[in-house]
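Participant: The following file, target.tsv, comprises TSV, C-alpha atoms:
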chain	number	residue	atom	x	y	z
A	1	MET	CA	-169.94	-255.13	-126.10
A	2	ALA	CA	-171.23	-252.11	-124.21
A	3	ARG	CA	-174.77	-253.04	-125.28
A	4	VAL	CA	-174.36	-256.55	-123.79
A	5	SER	CA	-173.03	-255.06	-120.55
A	6	VAL	CA	-176.10	-252.85	-120.24
A	7	LYS	CA	-178.39	-255.87	-120.70
A	8	ILE	CA	-176.55	-257.94	-118.09
A	9	PHE	CA	-176.40	-255.00	-115.69
A	10	SER	CA	-180.15	-254.37	-116.10
A	11	VAL	CA	-181.06	-257.99	-115.44
A	12	LEU	CA	-178.74	-258.15	-112.42
A	13	CYS	CA	-180.16	-254.89	-111.04
A	14	GLY	CA	-183.71	-256.22	-111.43
A	15	VAL	CA	-183.03	-259.57	-109.77
A	16	VAL	CA	-180.87	-258.24	-106.92
A	17	GLY	CA	-183.13	-255.22	-106.37
A	18	GLY	CA	-186.28	-257.34	-106.22
A	19	TRP	CA	-184.66	-259.90	-103.96
A	20	ALA	CA	-183.12	-257.35	-101.56
A	21	SER	CA	-186.28	-255.22	-101.35
A	22	ALA	CA	-188.34	-258.35	-100.59
A	23	LEU	CA	-186.03	-259.29	-97.71
A	24	VAL	CA	-186.16	-255.76	-96.27
A	25	PHE	CA	-189.94	-255.54	-96.59
A	26	ILE	CA	-190.48	-259.00	-95.05
A	27	ASP	CA	-188.62	-257.86	-91.93
A	28	SER	CA	-190.19	-254.40	-91.69
A	29	VAL	CA	-193.61	-254.21	-93.38
A	30	GLY	CA	-195.05	-257.38	-91.80
A	31	SER	CA	-194.94	-255.95	-88.28
A	32	THR	CA	-196.02	-252.80	-86.52
A	33	PRO	CA	-194.70	-251.15	-83.32
A	34	ALA	CA	-196.53	-252.20	-80.15
A	35	GLY	CA	-196.40	-251.36	-76.46
A	36	THR	CA	-195.68	-248.10	-74.68
A	37	ALA	CA	-191.93	-248.09	-75.32
A	38	GLY	CA	-192.53	-248.97	-78.95
A	39	THR	CA	-189.67	-251.47	-79.06
A	40	TRP	CA	-191.97	-254.51	-79.31
A	41	ARG	CA	-193.25	-255.37	-82.78
A	42	MET	CA	-196.56	-257.09	-83.42
A	43	TRP	CA	-196.80	-259.47	-86.39
A	44	ASP	CA	-199.92	-258.97	-88.48
A	45	LEU	CA	-201.04	-262.54	-89.16
A	46	ALA	CA	-204.73	-262.06	-89.83
A	47	ALA	CA	-206.30	-264.68	-92.07
A	48	GLY	CA	-208.28	-264.30	-95.29
A	49	THR	CA	-208.34	-261.13	-97.36
A	50	SER	CA	-206.81	-259.04	-94.58
A	51	SER	CA	-203.72	-261.24	-94.34
A	52	ASN	CA	-200.37	-259.51	-94.63
A	53	PRO	CA	-198.16	-261.49	-97.05
A	54	TYR	CA	-194.98	-259.95	-95.65
A	55	ALA	CA	-195.78	-261.11	-92.11
A	56	ARG	CA	-196.59	-264.63	-93.32
A	57	ALA	CA	-193.40	-264.71	-95.39
A	58	HIS	CA	-191.38	-263.70	-92.30
A	59	PHE	CA	-192.36	-266.94	-90.59
A	60	LEU	CA	-192.40	-269.24	-93.63
A	61	MET	CA	-188.97	-268.17	-94.90
A	62	GLU	CA	-187.46	-269.43	-91.64
A	63	GLY	CA	-189.39	-272.70	-91.91
A	64	ARG	CA	-191.66	-271.68	-89.03
A	65	VAL	CA	-195.42	-272.14	-88.85
A	66	PRO	CA	-197.17	-268.73	-88.72
A	67	PRO	CA	-199.53	-268.74	-85.71
A	68	ALA	CA	-203.20	-268.13	-86.50
A	69	GLN	CA	-203.95	-264.59	-85.31
A	70	SER	CA	-207.37	-265.60	-84.04
A	71	LEU	CA	-205.56	-267.87	-81.56
A	72	PHE	CA	-202.22	-266.24	-80.85
A	73	GLN	CA	-200.65	-262.82	-81.05
A	74	VAL	CA	-196.90	-262.83	-81.60
A	75	TYR	CA	-194.66	-259.96	-80.46
A	76	THR	CA	-190.91	-259.73	-80.96
A	77	ASN	CA	-188.33	-257.35	-79.54
A	78	THR	CA	-184.65	-256.86	-80.31
A	79	LEU	CA	-184.19	-253.68	-78.23
A	80	ASP	CA	-184.36	-252.73	-74.58
A	81	ASP	CA	-186.49	-249.77	-73.43
A	82	ASP	CA	-183.57	-247.39	-74.09
A	83	GLY	CA	-183.33	-248.53	-77.69
A	84	SER	CA	-180.10	-250.55	-77.32
A	85	THR	CA	-179.75	-253.95	-78.99
A	86	LEU	CA	-180.35	-256.95	-76.71
A	87	LEU	CA	-177.06	-258.77	-76.11
A	88	SER	CA	-176.32	-262.13	-74.54
A	89	GLY	CA	-173.53	-260.65	-72.40
A	90	CYS	CA	-175.93	-258.38	-70.52
A	91	VAL	CA	-178.47	-258.98	-67.75
A	92	TYR	CA	-182.00	-257.68	-68.36
A	93	LYS	CA	-185.06	-257.28	-66.16
A	94	ILE	CA	-188.34	-257.89	-67.94
A	95	SER	CA	-191.35	-256.62	-66.00
A	96	ALA	CA	-195.08	-256.63	-66.57
A	97	LYS	CA	-198.22	-255.91	-64.62
A	98	ASP	CA	-201.87	-256.76	-65.27
A	99	LEU	CA	-201.05	-259.33	-67.90
A	100	ALA	CA	-204.55	-260.71	-68.23
A	101	ALA	CA	-204.10	-263.27	-71.02
A	102	ARG	CA	-205.27	-266.85	-70.56
A	103	TRP	CA	-201.85	-268.19	-71.59
A	104	TRP	CA	-198.61	-266.57	-72.64
A	105	SER	CA	-195.02	-267.50	-73.25
A	106	LEU	CA	-191.91	-265.33	-73.08
A	107	SER	CA	-188.86	-266.78	-74.81
A	108	VAL	CA	-185.48	-265.65	-76.02
A	109	GLY	CA	-184.05	-266.61	-79.36
A	110	PRO	CA	-182.32	-267.71	-81.41
A	111	LEU	CA	-182.42	-271.24	-80.04
A	112	ASN	CA	-179.53	-273.64	-80.00
A	113	ASN	CA	-180.81	-277.16	-80.66
A	114	GLU	CA	-177.63	-278.69	-79.24
A	115	ASP	CA	-178.03	-276.85	-75.93
A	116	SER	CA	-180.64	-279.06	-74.28
A	117	ASP	CA	-180.08	-277.44	-70.85
A	118	SER	CA	-181.20	-274.06	-72.13
A	119	SER	CA	-184.16	-272.53	-70.25
A	120	ALA	CA	-185.05	-270.14	-73.02
A	121	ALA	CA	-188.75	-269.73	-72.16
A	122	VAL	CA	-191.09	-269.01	-69.28
A	123	THR	CA	-194.88	-269.38	-69.49
A	124	SER	CA	-197.89	-268.11	-67.58
A	125	ASP	CA	-198.30	-271.61	-66.11
A	126	GLU	CA	-194.94	-271.70	-64.35
A	127	VAL	CA	-194.07	-268.07	-63.67
A	128	VAL	CA	-193.92	-266.78	-60.09
A	129	ARG	CA	-195.59	-263.39	-59.53
A	130	ASP	CA	-194.94	-260.86	-56.76
A	131	ALA	CA	-197.60	-260.28	-54.09
A	132	ASP	CA	-198.99	-257.27	-56.02
A	133	GLY	CA	-199.29	-259.31	-59.21
A	134	THR	CA	-196.18	-257.83	-60.82
A	135	LEU	CA	-194.16	-260.15	-62.96
A	136	ASN	CA	-190.36	-259.98	-63.09
A	137	VAL	CA	-188.23	-262.17	-65.31
A	138	ALA	CA	-184.45	-261.97	-65.50
A	139	MET	CA	-182.73	-262.68	-68.80
A	140	ALA	CA	-179.10	-263.64	-68.30
A	141	ARG	CA	-176.54	-266.24	-69.35
A	142	TYR	CA	-175.96	-267.21	-65.71
A	143	PRO	CA	-178.50	-268.31	-63.07
A	144	VAL	CA	-180.50	-265.55	-61.40
A	145	SER	CA	-182.90	-266.16	-58.52
A	146	GLY	CA	-186.60	-265.97	-59.36
A	147	ASN	CA	-187.99	-266.21	-62.87
A	148	TRP	CA	-185.11	-266.60	-65.28
A	149	ILE	CA	-184.65	-267.17	-68.99
A	150	ARG	CA	-181.28	-268.06	-70.39
A	151	PRO	CA	-180.17	-267.17	-73.93
A	152	ALA	CA	-178.90	-270.28	-75.69
A	153	VAL	CA	-176.45	-268.46	-77.95
A	154	GLU	CA	-173.89	-265.66	-77.79
A	155	GLY	CA	-174.54	-262.38	-79.60
A	156	THR	CA	-177.67	-260.42	-80.36
A	157	LEU	CA	-180.98	-261.69	-79.00
A	158	THR	CA	-184.66	-261.53	-79.86
A	159	LEU	CA	-187.39	-261.68	-77.24
A	160	GLN	CA	-190.56	-263.45	-78.37
A	161	PHE	CA	-193.81	-262.96	-76.54
A	162	VAL	CA	-196.70	-265.21	-77.58
A	163	VAL	CA	-200.10	-264.41	-76.10
A	164	SER	CA	-203.12	-266.66	-76.41
A	165	ASN	CA	-206.08	-264.78	-77.90
A	166	THR	CA	-208.52	-267.58	-77.32
A	167	ASP	CA	-210.54	-265.96	-74.53
A	168	GLY	CA	-210.90	-262.67	-76.41
A	169	THR	CA	-210.65	-260.64	-73.20
A	170	GLN	CA	-208.21	-258.11	-74.62
A	171	GLU	CA	-207.59	-256.51	-77.97
A	172	PRO	CA	-203.93	-256.83	-79.01
A	173	GLU	CA	-203.56	-253.03	-78.91
A	174	ASP	CA	-204.74	-252.94	-75.27
A	175	LEU	CA	-202.26	-255.50	-73.99
A	176	LYS	CA	-199.68	-254.03	-71.61
A	177	LEU	CA	-196.44	-255.46	-72.98
A	178	PRO	CA	-193.50	-256.09	-70.64
A	179	SER	CA	-190.81	-253.47	-70.19
A	180	VAL	CA	-187.22	-254.55	-70.87
A	181	LYS	CA	-184.56	-252.81	-68.77
A	182	ARG	CA	-180.83	-253.43	-68.92
A	183	VAL	CA	-179.43	-254.17	-65.43
A	184	SER	CA	-175.76	-254.72	-66.24
A	185	CYS	CA	-173.34	-255.73	-68.97
B	1	MET	CA	-177.86	-242.03	-122.64
B	2	ILE	CA	-180.79	-242.75	-120.32
B	3	ILE	CA	-183.33	-242.42	-123.14
B	4	ARG	CA	-181.28	-244.86	-125.24
B	5	ASN	CA	-181.29	-247.39	-122.40
B	6	LEU	CA	-184.83	-246.66	-121.26
B	7	TYR	CA	-185.99	-250.05	-122.48
B	8	TRP	CA	-183.46	-251.78	-120.19
B	9	VAL	CA	-184.27	-249.53	-117.25
B	10	VAL	CA	-187.94	-250.49	-117.59
B	11	THR	CA	-186.94	-254.15	-117.99
B	12	ALA	CA	-184.91	-253.97	-114.75
B	13	ALA	CA	-187.85	-252.36	-112.92
B	14	VAL	CA	-190.35	-254.97	-114.16
B	15	LEU	CA	-187.93	-257.78	-113.30
B	16	ALA	CA	-187.45	-256.32	-109.80
B	17	ILE	CA	-191.23	-256.26	-109.26
B	18	ILE	CA	-191.61	-259.87	-110.47
B	19	VAL	CA	-188.76	-261.09	-108.23
B	20	HIS	CA	-190.14	-259.12	-105.26
B	21	ILE	CA	-193.65	-260.56	-105.64
B	22	SER	CA	-192.29	-264.09	-106.14
B	23	MET	CA	-190.09	-263.77	-103.06
B	24	VAL	CA	-193.00	-262.59	-100.90
B	25	LEU	CA	-195.92	-264.64	-102.21
B	26	PHE	CA	-194.53	-267.88	-103.58
B	27	ALA	CA	-190.99	-268.64	-102.38
B	28	PRO	CA	-191.81	-268.71	-98.63
B	29	GLY	CA	-194.59	-271.26	-99.11
B	30	PHE	CA	-192.40	-273.55	-101.20
B	31	LEU	CA	-189.48	-273.19	-98.76
B	32	PHE	CA	-191.76	-274.01	-95.85
B	33	ASP	CA	-193.32	-277.00	-97.63
B	34	ARG	CA	-189.84	-278.34	-98.40
B	35	ASN	CA	-188.78	-277.84	-94.76
B	36	LEU	CA	-191.87	-279.68	-93.49
B	37	ASN	CA	-191.23	-282.52	-95.94
B	38	ARG	CA	-187.70	-282.84	-94.60
B	39	LEU	CA	-188.79	-282.81	-90.94
B	40	ALA	CA	-191.50	-285.43	-91.46
B	41	SER	CA	-190.01	-287.38	-94.36
B	42	ASP	CA	-190.65	-290.75	-92.70
B	43	VAL	CA	-194.31	-290.00	-91.85
B	44	PRO	CA	-196.79	-290.85	-94.64
B	45	ASP	CA	-199.61	-288.48	-95.54
B	46	ASN	CA	-202.90	-288.78	-93.60
B	47	THR	CA	-201.11	-290.03	-90.48
B	48	PHE	CA	-201.22	-288.31	-87.12
B	49	PHE	CA	-197.96	-287.93	-85.20
B	50	ILE	CA	-196.55	-286.04	-82.22
B	51	LEU	CA	-193.86	-283.64	-83.32
B	52	PRO	CA	-190.48	-284.61	-81.77
B	53	ALA	CA	-188.94	-281.95	-79.52
B	54	ALA	CA	-186.03	-281.25	-81.91
B	55	ALA	CA	-188.33	-280.65	-84.89
B	56	GLN	CA	-190.66	-278.62	-82.68
B	57	SER	CA	-187.93	-276.16	-81.75
B	58	ARG	CA	-187.28	-275.56	-85.45
B	59	ILE	CA	-190.80	-274.85	-86.66
B	60	PHE	CA	-192.29	-273.51	-83.40
B	61	PRO	CA	-189.24	-271.84	-81.76
B	62	GLU	CA	-191.32	-269.29	-79.83
B	63	TYR	CA	-193.07	-272.00	-77.78
B	64	PRO	CA	-191.47	-273.67	-74.73
B	65	SER	CA	-190.12	-277.20	-75.12
B	66	GLY	CA	-192.76	-278.65	-72.76
B	67	THR	CA	-195.51	-277.74	-75.22
B	68	VAL	CA	-196.94	-280.63	-77.25
B	69	PHE	CA	-197.68	-280.28	-80.94
B	70	GLY	CA	-199.52	-282.98	-82.88
B	71	LEU	CA	-199.57	-282.87	-86.68
B	72	CYS	CA	-201.47	-284.49	-89.50
B	73	ARG	CA	-200.30	-283.80	-93.03
B	74	PHE	CA	-203.36	-284.45	-95.12
B	75	ASN	CA	-203.69	-285.23	-98.78
B	76	LEU	CA	-207.17	-284.94	-100.26
B	77	THR	CA	-206.27	-286.29	-103.70
B	78	SER	CA	-208.03	-289.59	-103.10
B	79	GLY	CA	-210.96	-288.21	-101.11
B	80	PRO	CA	-211.88	-286.57	-97.80
B	81	VAL	CA	-209.84	-287.17	-94.65
B	82	THR	CA	-211.26	-287.51	-91.14
B	83	LEU	CA	-209.45	-286.18	-88.09
B	84	ASP	CA	-210.63	-287.96	-84.91
B	85	ALA	CA	-209.31	-285.74	-82.15
B	86	ASN	CA	-208.59	-286.92	-78.62
B	87	LEU	CA	-207.38	-284.07	-76.46
B	88	PRO	CA	-206.51	-283.65	-72.79
B	89	ASP	CA	-208.75	-281.65	-70.51
B	90	GLY	CA	-207.51	-278.04	-70.51
B	91	ILE	CA	-206.21	-275.52	-72.99
B	92	TRP	CA	-205.71	-276.66	-76.59
B	93	THR	CA	-206.08	-275.29	-80.08
B	94	LEU	CA	-206.44	-276.83	-83.52
B	95	THR	CA	-205.38	-274.96	-86.66
B	96	VAL	CA	-205.77	-276.27	-90.20
B	97	TYR	CA	-203.29	-274.82	-92.70
B	98	SER	CA	-202.90	-275.12	-96.45
B	99	ARG	CA	-199.57	-276.65	-97.54
B	100	PHE	CA	-198.18	-273.13	-97.97
B	101	GLY	CA	-199.01	-272.04	-94.42
B	102	ARG	CA	-202.30	-270.21	-95.00
B	103	THR	CA	-204.77	-270.58	-92.09
B	104	LEU	CA	-207.97	-272.36	-93.18
B	105	TYR	CA	-209.70	-273.13	-89.88
B	106	THR	CA	-209.17	-272.75	-86.13
B	107	VAL	CA	-210.95	-274.10	-83.08
B	108	THR	CA	-210.14	-274.01	-79.35
B	109	ASP	CA	-211.18	-275.94	-76.25
B	110	GLU	CA	-213.49	-273.08	-75.24
B	111	GLN	CA	-215.19	-272.89	-78.64
B	112	SER	CA	-215.68	-276.64	-79.03
B	113	GLY	CA	-216.72	-277.46	-75.45
B	114	VAL	CA	-215.56	-281.06	-75.97
B	115	ASP	CA	-212.19	-282.80	-75.98
B	116	THR	CA	-213.07	-285.53	-78.47
B	117	PHE	CA	-214.56	-284.75	-81.85
B	118	SER	CA	-214.33	-285.57	-85.55
B	119	LEU	CA	-213.42	-283.09	-88.23
B	120	GLN	CA	-213.75	-283.87	-91.90
B	121	LEU	CA	-211.34	-282.29	-94.36
B	122	ALA	CA	-212.48	-282.20	-97.97
B	123	MET	CA	-211.71	-280.46	-101.23
B	124	ALA	CA	-213.72	-277.33	-101.84
B	125	PRO	CA	-215.90	-277.65	-104.93
B	126	GLY	CA	-214.59	-275.92	-108.04
B	127	VAL	CA	-216.57	-273.25	-109.87
B	128	LEU	CA	-218.03	-275.79	-112.30
B	129	ASP	CA	-218.76	-278.34	-109.50
B	130	VAL	CA	-221.09	-275.85	-107.81
B	131	PHE	CA	-223.52	-276.11	-110.74
B	132	SER	CA	-223.48	-279.93	-110.76
B	133	LEU	CA	-223.94	-280.49	-106.98
B	134	ASN	CA	-226.85	-282.74	-105.97
B	135	GLU	CA	-228.98	-281.93	-102.98
B	136	ASP	CA	-227.55	-284.99	-101.15
B	137	ASP	CA	-224.02	-283.62	-101.44
B	138	THR	CA	-224.79	-280.87	-98.96
B	139	GLU	CA	-226.14	-283.23	-96.29
B	140	VAL	CA	-222.75	-284.17	-94.85
B	141	GLU	CA	-221.98	-280.53	-94.15
B	142	THR	CA	-224.76	-280.35	-91.61
B	143	SER	CA	-223.90	-283.64	-89.91
B	144	GLY	CA	-220.55	-282.68	-88.38
B	145	TRP	CA	-217.56	-280.38	-88.55
B	146	LYS	CA	-216.21	-279.99	-92.03
B	147	VAL	CA	-213.36	-277.94	-93.47
B	148	LEU	CA	-213.24	-277.33	-97.20
B	149	SER	CA	-209.81	-276.69	-98.63
B	150	SER	CA	-209.03	-275.32	-102.06
B	151	ASP	CA	-205.55	-276.87	-101.78
B	152	GLU	CA	-205.45	-280.67	-101.92
B	153	ARG	CA	-202.57	-280.79	-99.43
B	154	GLY	CA	-202.14	-279.16	-96.04
B	155	PHE	CA	-201.62	-279.90	-92.39
B	156	ALA	CA	-203.55	-279.74	-89.14
B	157	VAL	CA	-201.75	-278.69	-85.96
B	158	PHE	CA	-202.88	-279.45	-82.41
B	159	TRP	CA	-201.28	-277.33	-79.70
B	160	VAL	CA	-201.40	-278.38	-76.04
B	161	PRO	CA	-199.39	-276.38	-73.47
B	162	ALA	CA	-197.81	-278.13	-70.49
B	163	LEU	CA	-197.19	-276.81	-67.00
B	164	ASP	CA	-193.65	-278.12	-67.21
B	165	LYS	CA	-191.46	-280.45	-69.27
B	166	ALA	CA	-192.42	-283.43	-67.06
B	167	MET	CA	-196.03	-283.15	-68.21
B	168	ARG	CA	-195.11	-283.45	-71.88
B	169	GLU	CA	-195.11	-287.24	-71.82
B	170	SER	CA	-198.59	-287.66	-70.34
B	171	LEU	CA	-200.06	-285.00	-72.64
B	172	SER	CA	-198.40	-286.66	-75.64
B	173	GLU	CA	-199.88	-290.00	-74.61
B	174	THR	CA	-203.42	-288.58	-74.57
B	175	LEU	CA	-202.97	-286.63	-77.78
B	176	SER	CA	-201.43	-289.62	-79.58
B	177	LYS	CA	-204.87	-291.32	-79.44
B	178	THR	CA	-205.88	-288.83	-82.13
B	179	SER	CA	-206.10	-290.34	-85.58
B	180	CYS	CA	-206.10	-288.98	-89.09
B	181	GLY	CA	-207.08	-291.06	-92.09
B	182	LYS	CA	-209.13	-291.42	-95.22
B	183	ALA	CA	-212.80	-290.87	-94.44
B	184	ALA	CA	-215.08	-293.91	-94.60
B	185	VAL	CA	-217.31	-293.76	-97.68
Show this structure as structure tokens.

Facilitator:
Amino acid sequence: MARVSVKIFSVLCGVVGGWASALVFIDSVGSTPAGTAGTWRMWDLAAGTSSNPYARAHFLMEGRVPPAQSLFQVYTNTLDDDGSTLLSGCVYKISAKDLAARWWSLSVGPLNNEDSDSSAAVTSDEVVRDADGTLNVAMARYPVSGNWIRPAVEGTLTLQFVVSNTDGTQEPEDLKLPSVKRVSC
Amino acid sequence: MIIRNLYWVVTAAVLAIIVHISMVLFAPGFLFDRNLNRLASDVPDNTFFILPAAAQSRIFPEYPSGTVFGLCRFNLTSGPVTLDANLPDGIWTLTVYSRFGRTLYTVTDEQSGVDTFSLQLAMAPGVLDVFSLNEDDTEVETSGWKVLSSDERGFAVFWVPALDKAMRESLSETLSKTSCGKAAV
């Protein structure tokens, strides 16, 4: 009886251990810290032999298409500059300067497909910049004057910053990523 | 005690490694393929279509809803497939993926210099086929754009950003002139 228990326990340990470690690695090993504050994470989606299977799995597991790294660089952020988790109940100011990409998109997830009024994204095409070229975007559940993105769900949030690489003007490491400051809660 | 159960400890470790590798390398691709099948269940293979906004927010959640995505799920079982692209003037990208989300080919508006072009998708020759190739078989490769895939199934994705949601319809109309079908012999 004890012998059978050991066998079952071993198999369970193997399956659960392999499954759990894969999930942890997919979320952590596929990305590297980016930006000055270090709260943004850059997904390593290079093609060919240098491709990172954990980064690809991160997108595919959620049914998402992994962007080709030669075309787009994807950054995600779940923390503000002070290291606190981004929450839907708070108001944040996202600022950037000298963002020289040909096209970019800043969005907040997760999305709510039933909330069609959600303005969860702002792009380089529609954003309004200050006279000195500075970019300020407010992230809040309620309308804020100026550039504004609205989380579609309650709870913890993830900022997604997609930058077009097509013009090749900047290396991903050189890009000045936006700062995320909490204004109020 | 440990020595007696060493065999089962090793078994658990090997099982954990197998499950981990399967979860990272194989499961995401199959999950993604199943998700794509569900989203485009009514669209036959080798047919170009504009991705509806609801499906778009599921597989491309980091892009704003005004963005237009056109897809062709190709199947090379019965021969090469030709993608006749018709794109609006401005920024666009084309990415060809294997069915499991691996990037095979990318091109942008800046690289191509044209907004209408043909791209042939064909099966890559196997190891044995390389030895039996005739000289004529290589001629087509110099007469146009050709992507060789080692996977008989995959999908091509056109991405066209819009200034705002109102532009989505006109961009979709232009992009919908793109076709995808079995190549003429």

Participant: Mind pulling up the distance from atom CA of B:Ala183 to atom CA of B:Ser150?

Facilitator: 17.7 Å

Participant: So what do you get for atom CA of B:Ser179 versus atom CA of B:Cys72, distance-wise?

Facilitator: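 Interatomic distance, atom CA of B:Ser179 to atom CA of B:Cys72: 8.4 Å.
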
Participant: Output as a count of residues only the set of chain A residues within 7 Å of chain B, with distances taken over all atoms listed in the file.

Facilitator: 30

Participant: Which of these residues is nearest to A:Leu106, using all atoms listed in the file: A:Gly89, A:Val162, A:Val16, A:Ile94?

Facilitator: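 Among the listed residues, A:Val162 lies closest to A:Leu106.
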
Participant: Could you please determine the separation between atom CA of B:Val160 and atom CA of A:Phe72 in Å, to one decimal place?

Facilitator: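 Result for atom CA of B:Val160 versus atom CA of A:Phe72: 13.1 Å, one decimal.
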
Participant: If I wrap all listed atoms of stretch 80-90 of chain A in a box with edges along x, y and z and add 5 Å on each side, what are its centre and edge lengths in Å to one decimal, as AutoDock Vina command-line options?

Facilitator:
--center_x -180.0 --center_y -254.8 --center_z -74.8 --size_x 23.0 --size_y 24.7 --size_z 18.5

Participant: Could you list as a list in words every residue that has an atom within 7 Å of (-202.8, -265.8, -71.4), using the file's coordinates and counting all atoms listed in the file?

Facilitator: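 Nearby residues: Ala100, Ala101, Arg102, Trp103, Trp104, Ser124, Val163 and Ser164 of chain A.
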
Participant: Counting all atoms listed in the file, find the residues whose atoms lie at most 9 Å from (-192.5, -253.1, -66.9) (file coordinates) and write them out as an NGL selection string.

Facilitator: :A and (93-97 or 134-136 or 176-181)

Participant: So that I can check the surroundings of A:Cys185, please list as a PyMOL selection string every protein, DNA and RNA residue that reaches within 10 Å of it, counting all atoms listed in the file and ignoring chain neighbours fewer than 2 positions away.

Facilitator: chain A and resi 87-92+140+182-183

Participant: Closest to A:Thr158 among A:Leu175, A:Val127, A:Ala138, A:Val108, using all atoms listed in the file?

Facilitator: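 Nearest to A:Thr158: A:Val108.
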
Participant: Please reconstruct the missing atoms of stretch 50-67 of chain B (target: N, CA and C atoms) and return them as a PDB file, keeping the file's coordinate frame.

Facilitator:
ATOM      1  N   ILE B  50    -196.986-287.087 -83.162  1.00  0.00           N
ATOM      2  CA  ILE B  50    -196.550-286.040 -82.220  1.00  0.00           C
ATOM      3  C   ILE B  50    -195.208-285.529 -82.716  1.00  0.00           C
ATOM      4  N   LEU B  51    -195.093-284.230 -82.808  1.00  0.00           N
ATOM      5  CA  LEU B  51    -193.860-283.640 -83.320  1.00  0.00           C
ATOM      6  C   LEU B  51    -192.734-283.830 -82.305  1.00  0.00           C
ATOM      7  N   PRO B  52    -191.607-284.457 -82.703  1.00  0.00           N
ATOM      8  CA  PRO B  52    -190.480-284.610 -81.770  1.00  0.00           C
ATOM      9  C   PRO B  52    -189.954-283.249 -81.316  1.00  0.00           C
ATOM     10  N   ALA B  53    -189.381-283.230 -80.110  1.00  0.00           N
ATOM     11  CA  ALA B  53    -188.940-281.950 -79.520  1.00  0.00           C
ATOM     12  C   ALA B  53    -187.963-281.197 -80.417  1.00  0.00           C
ATOM     13  N   ALA B  54    -187.047-281.925 -81.080  1.00  0.00           N
ATOM     14  CA  ALA B  54    -186.030-281.250 -81.910  1.00  0.00           C
ATOM     15  C   ALA B  54    -186.692-280.547 -83.105  1.00  0.00           C
ATOM     16  N   ALA B  55    -187.625-281.252 -83.741  1.00  0.00           N
ATOM     17  CA  ALA B  55    -188.330-280.650 -84.890  1.00  0.00           C
ATOM     18  C   ALA B  55    -189.205-279.494 -84.428  1.00  0.00           C
ATOM     19  N   GLN B  56    -189.787-279.654 -83.237  1.00  0.00           N
ATOM     20  CA  GLN B  56    -190.660-278.620 -82.680  1.00  0.00           C
ATOM     21  C   GLN B  56    -189.903-277.298 -82.496  1.00  0.00           C
ATOM     22  N   SER B  57    -188.678-277.399 -81.998  1.00  0.00           N
ATOM     23  CA  SER B  57    -187.930-276.160 -81.750  1.00  0.00           C
ATOM     24  C   SER B  57    -187.547-275.474 -83.053  1.00  0.00           C
ATOM     25  N   ARG B  58    -187.595-276.196 -84.168  1.00  0.00           N
ATOM     26  CA  ARG B  58    -187.280-275.560 -85.450  1.00  0.00           C
ATOM     27  C   ARG B  58    -188.486-274.840 -86.037  1.00  0.00           C
ATOM     28  N   ILE B  59    -189.658-275.484 -85.994  1.00  0.00           N
ATOM     29  CA  ILE B  59    -190.800-274.850 -86.660  1.00  0.00           C
ATOM     30  C   ILE B  59    -191.704-274.063 -85.696  1.00  0.00           C
ATOM     31  N   PHE B  60    -191.551-274.308 -84.393  1.00  0.00           N
ATOM     32  CA  PHE B  60    -192.290-273.510 -83.400  1.00  0.00           C
ATOM     33  C   PHE B  60    -191.300-272.995 -82.342  1.00  0.00           C
ATOM     34  N   PRO B  61    -190.278-272.215 -82.726  1.00  0.00           N
ATOM     35  CA  PRO B  61    -189.240-271.840 -81.760  1.00  0.00           C
ATOM     36  C   PRO B  61    -189.734-270.924 -80.648  1.00  0.00           C
ATOM     37  N   GLU B  62    -190.874-270.240 -80.865  1.00  0.00           N
ATOM     38  CA  GLU B  62    -191.320-269.290 -79.830  1.00  0.00           C
ATOM     39  C   GLU B  62    -192.116-269.965 -78.716  1.00  0.00           C
ATOM     40  N   TYR B  63    -192.327-271.282 -78.812  1.00  0.00           N
ATOM     41  CA  TYR B  63    -193.070-272.000 -77.780  1.00  0.00           C
ATOM     42  C   TYR B  63    -192.096-272.798 -76.910  1.00  0.00           C
ATOM     43  N   PRO B  64    -192.382-272.921 -75.599  1.00  0.00           N
ATOM     44  CA  PRO B  64    -191.470-273.670 -74.730  1.00  0.00           C
ATOM     45  C   PRO B  64    -191.432-275.154 -75.088  1.00  0.00           C
ATOM     46  N   SER B  65    -190.330-275.811 -74.705  1.00  0.00           N
ATOM     47  CA  SER B  65    -190.120-277.200 -75.120  1.00  0.00           C
ATOM     48  C   SER B  65    -191.123-278.175 -74.496  1.00  0.00           C
ATOM     49  N   GLY B  66    -191.769-277.762 -73.386  1.00  0.00           N
ATOM     50  CA  GLY B  66    -192.760-278.650 -72.760  1.00  0.00           C
ATOM     51  C   GLY B  66    -194.058-278.731 -73.551  1.00  0.00           C
ATOM     52  N   THR B  67    -194.286-277.767 -74.425  1.00  0.00           N
ATOM     53  CA  THR B  67    -195.510-277.740 -75.220  1.00  0.00           C
ATOM     54  C   THR B  67    -195.568-278.936 -76.167  1.00  0.00           C
TER      55      THR B  67
END
